[in-house]
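The block underneath contains the structure these notes are about, expressed in structure tokens.
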Amino acid sequence: MSTVTAFDVYVDRINRGEPLSADEIRELAVTPDILSLGMLADTVRRRLHETRATFLRVADVAFDNQAMLGQSPAAREIRLTGSPSTLAAAVAAVEAARAVAGDRKVAGFSWDDIARWSAGASTGQVLARLRQAGLDAIVDLPLDVIDDPRYAVESLKDAGFLQLRLTISKAPADARTPLLIRAAQLQDSAGAIHALNPLPLSLSTFRPTTGYEDVKMVALARLAAPNVPSIQVDWQRYGPKLAQVALTFGADDIDGVSASDEAPEGRRRAPRAEIERNIEAAGLLPVERDGWFNLLQS
């Protein structure tokens with residue numbers, strides 16, 4: 001005699017494309033059965049992406065170091081790092097990046113920067129200037145820091161910034177479940193969200209995350225926000241091993257892969273070869289993409 005478990009019921013609903021409720025997500029957030037949780041998240045991922053896992057090669061360039069812009073030609077996104085003190089400095093950095101980017105995406109800055117530069121102008125005016133300068137995306141929209149995430153999403157959408165990426169700045173694991181549920185609600189109400197990165201951008205020395213917490217958050221993000229196309233893990237921040245395991249717990253996109261083609265330890269250790277090998281080891285098909293989530297030919 002077989003027993004139908006709650007997980008069996010969830011799998012059946014997920015296969016029918018039915019999202020789980022916020023209350024169900026909160027219940028799953030406290031389950032110790034991480035393997036079953038990962039199985040549920042993987043079911044959502046495979047329904048959305050089949051066996052494909054994408055990765056993006058990024059060139060991180062300090063906004064005030066324009067001499068570095070011509071490097072890393074293999075990058076499909078130029079990501080300006082740092083926080084300019086003024087909007088004029090930000091616009092100049094974007095224009096310099098745009099001049100060498102070609103068809104590559106230019107991204108940079110955070111919503112905190114936008115809010116600071118809006119002190120002497122409206123948010124819409126600040127975003128319009130950055131768009132006119134050639135900025136394609138704001139890098140960080142941290143759900144745990146922004147006072148009004150819906151206003152931020154709507155403002156960016158109105159200014160022509162599409163395919164937004166939501167992030168977590170530093171919220172601990174036990175505070176992130178409501179944020180993941182909020183991400184799904186924002187997508188329902190505003191749209192334009194393409195990716196969600198559920199792991200914190202700032203790692204605390206005093207309260208480091210664990211691999212258990214990290215893959216659990218990835219799985220919860222995939223289950224909480226099936227309407228957000230991609231769940232991301234950062235390759236450089238969390239490393240290849242965690243990224244590989246995350247792919248079996250609902251992640252479908254690896255962000256921040258090095259754009260360097262150097263391989264001092266041999267061809268198989270080059271960044272692109274390593275990411276492709278790790279994705280294949282997770283049982284998935286590696287596909288490089290550009291900054292707009294267009295798939296690239298090998």
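By convention in this document, the chains of the structure tokens carry letters A, B, ... by their order, each chain's residues are numbered from 1, and ligands are numbered from 1 in the order they are shown.
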Dump as CSV the rows for residues of stretch 104-128 of chain A within 12 Å of stretch 58-61 of chain A: closest atom pair and distance in Å with one decimal, only C-alpha atoms counted, ordered by chain and rising residue number.
```
residue,atom,partner,partner_atom,distance
A:Arg104,CA,A:Val58,CA,10.0
A:Lys105,CA,A:Val58,CA,9.6
A:Val106,CA,A:Ala59,CA,9.9
A:Ala107,CA,A:Asp60,CA,9.7
A:Gly108,CA,A:Asp60,CA,9.4
A:Phe109,CA,A:Val61,CA,11.7
```
So which residues touch A:Ala173 within 10 Å, counting only C-alpha atoms, skipping near sequence neighbours fewer than 6 positions away, as a PDB file with N, CA and C atoms, in the first residue's frame?
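Saved as part.pdb:
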```pdb
ATOM      1  N   ALA A  29       9.924  26.298   3.900  1.00  0.00           N
ATOM      2  CA  ALA A  29      11.134  26.977   4.368  1.00  0.00           C
ATOM      3  C   ALA A  29      11.664  26.389   5.676  1.00  0.00           C
ATOM      4  N   PRO A 198      19.140  34.716  -5.068  1.00  0.00           N
ATOM      5  CA  PRO A 198      18.692  34.634  -3.672  1.00  0.00           C
ATOM      6  C   PRO A 198      19.799  34.569  -2.635  1.00  0.00           C
ATOM      7  N   LEU A 199      21.058  34.566  -3.058  1.00  0.00           N
ATOM      8  CA  LEU A 199      22.163  34.476  -2.106  1.00  0.00           C
ATOM      9  C   LEU A 199      22.768  35.860  -1.876  1.00  0.00           C
ATOM     10  N   PRO A 200      23.129  36.184  -0.644  1.00  0.00           N
ATOM     11  CA  PRO A 200      23.551  37.549  -0.313  1.00  0.00           C
ATOM     12  C   PRO A 200      24.807  37.988  -1.058  1.00  0.00           C
ATOM     13  N   THR A 209      27.360  32.103   5.617  1.00  0.00           N
ATOM     14  CA  THR A 209      26.336  31.152   5.194  1.00  0.00           C
ATOM     15  C   THR A 209      26.942  29.757   5.127  1.00  0.00           C
ATOM     16  N   THR A 210      26.074  28.761   5.108  1.00  0.00           N
ATOM     17  CA  THR A 210      26.525  27.385   4.945  1.00  0.00           C
ATOM     18  C   THR A 210      26.032  26.868   3.603  1.00  0.00           C
ATOM     19  N   GLU A 213      22.349  26.037   3.850  1.00  0.00           N
ATOM     20  CA  GLU A 213      21.477  27.207   3.740  1.00  0.00           C
ATOM     21  C   GLU A 213      21.419  27.730   2.308  1.00  0.00           C
ATOM     22  N   ASP A 214      22.571  27.739   1.655  1.00  0.00           N
ATOM     23  CA  ASP A 214      22.636  28.330   0.317  1.00  0.00           C
ATOM     24  C   ASP A 214      21.787  27.558  -0.692  1.00  0.00           C
ATOM     25  N   LYS A 216      19.395  25.515  -0.063  1.00  0.00           N
ATOM     26  CA  LYS A 216      17.995  25.579   0.358  1.00  0.00           C
ATOM     27  C   LYS A 216      17.354  26.876  -0.120  1.00  0.00           C
ATOM     28  N   MET A 217      18.093  28.000  -0.022  1.00  0.00           N
ATOM     29  CA  MET A 217      17.564  29.284  -0.489  1.00  0.00           C
ATOM     30  C   MET A 217      17.362  29.287  -1.998  1.00  0.00           C
TER      31      MET A 217
END
```
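Shortest separation to A:Arg79 among A:Ala243, A:Val257, A:Leu28, A:Leu156 occurs at residue A:Val257, atoms counted being only C-alpha atoms.
Atom CA of A:Thr54 is found 4.7 Å from atom CA of A:Val287.
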Name all residues at most 10 Å from A:Asp158 (count only C-alpha atoms; drop same-chain ones fewer than 5 positions away) and give them as an mmCIF file with N, CA and C atoms, in the first residue's frame.
```cif
data_model
loop_
_atom_site.group_PDB
_atom_site.id
_atom_site.type_symbol
_atom_site.label_atom_id
_atom_site.label_comp_id
_atom_site.auth_asym_id
_atom_site.auth_seq_id
_atom_site.Cartn_x
_atom_site.Cartn_y
_atom_site.Cartn_z
ATOM 1 N N GLY A 124 13.114 59.608 -12.159
ATOM 2 C CA GLY A 124 12.930 59.429 -13.596
ATOM 3 C C GLY A 124 13.970 60.169 -14.408
ATOM 4 N N LEU A 127 17.376 58.261 -14.126
ATOM 5 C CA LEU A 127 17.374 57.048 -14.944
ATOM 6 C C LEU A 127 17.408 57.381 -16.432
ATOM 7 N N ALA A 128 16.720 58.449 -16.823
ATOM 8 C CA ALA A 128 16.712 58.846 -18.237
ATOM 9 C C ALA A 128 18.112 59.253 -18.691
ATOM 10 N N ALA A 152 10.745 51.066 -7.155
ATOM 11 C CA ALA A 152 11.997 50.908 -7.883
ATOM 12 C C ALA A 152 11.775 50.161 -9.194
ATOM 13 N N VAL A 153 11.051 49.056 -9.127
ATOM 14 C CA VAL A 153 10.795 48.260 -10.330
ATOM 15 C C VAL A 153 9.988 49.062 -11.346
#
```
- Polymer residues at most 12 Å from A:Ile138, only C-alpha atoms, same-chain spacing of 3 or more positions, as a PyMOL selection string: chain A and resi 78-81+90+94+105-114+127+130-131+134-135+141-142+152-153+155-157+159-167
Enumerate, in order of chain and increasing residue number, the residues of stretch 173-283 of chain A with an atom no farther than 8 Å from stretch 48-51 of chain A, each with its shortest atom pair and distance in Å to one decimal, counting only C-alpha atoms, as JSON lines.
```
{"residue": "A:Pro229", "atom": "CA", "partner": "A:Leu48", "partner_atom": "CA", "distance": 7.5}
{"residue": "A:Asp252", "atom": "CA", "partner": "A:His49", "partner_atom": "CA", "distance": 7.4}
{"residue": "A:Gly283", "atom": "CA", "partner": "A:Thr51", "partner_atom": "CA", "distance": 7.7}
```
- Which one of A:Ser21, A:Asn294, A:Thr43, A:Ser258 sits closest to A:Arg222 if you count only C-alpha atoms? A:Thr43
- Task: Any chance you could list, as a ChimeraX atom specification, the residues in stretch 19-264 of chain A that come up alpha helix (DSSP H) when DSSP is run on the backbone?
- Result: /A:22-28,34-49,87-101,111-117,123-133,149-158,177-190,211-224,235-247
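Rounded to one decimal, atom CA of A:Ala259 and atom CA of A:Leu296 lie 14.7 Å from each other.
Here atom CA of A:Pro84 stands at a distance of 20.4 Å from atom CA of A:Gly70.
Every residue of stretch 177-234 of chain A with a DSSP assignment of strand (DSSP E), taken from the backbone, is listed as Ile193, His194, Ala195, Leu196, Asn197, Pro198, Leu199, Pro200, Ser230, Ile231, Gln232, Val233 and Asp234 of chain A.
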Residues from last step as file, C-alpha atoms, as a short mmCIF file (atom, residue, chain, number, x, y, z; two decimals), in the first residue's frame:
```cif
data_model
loop_
_atom_site.label_atom_id
_atom_site.label_comp_id
_atom_site.auth_asym_id
_atom_site.auth_seq_id
_atom_site.Cartn_x
_atom_site.Cartn_y
_atom_site.Cartn_z
CA ILE A 193 11.89 40.95 -13.71
CA HIS A 194 14.00 38.35 -15.46
CA ALA A 195 16.33 37.07 -12.76
CA LEU A 196 16.48 36.58 -9.01
CA ASN A 197 19.71 35.95 -7.13
CA PRO A 198 18.69 34.63 -3.67
CA LEU A 199 22.16 34.48 -2.11
CA PRO A 200 23.55 37.55 -0.31
CA SER A 230 15.87 32.68 -14.04
CA ILE A 231 17.31 31.87 -10.64
CA GLN A 232 20.97 32.84 -10.56
CA VAL A 233 24.06 31.94 -8.59
CA ASP A 234 27.20 34.08 -8.72
#
```
- Task: Determine the nearest neighbour of A:Met39 from the options A:Leu143, A:Ala219, A:Ile254, A:Ile279, counting only C-alpha atoms.
- Result: A:Ala219
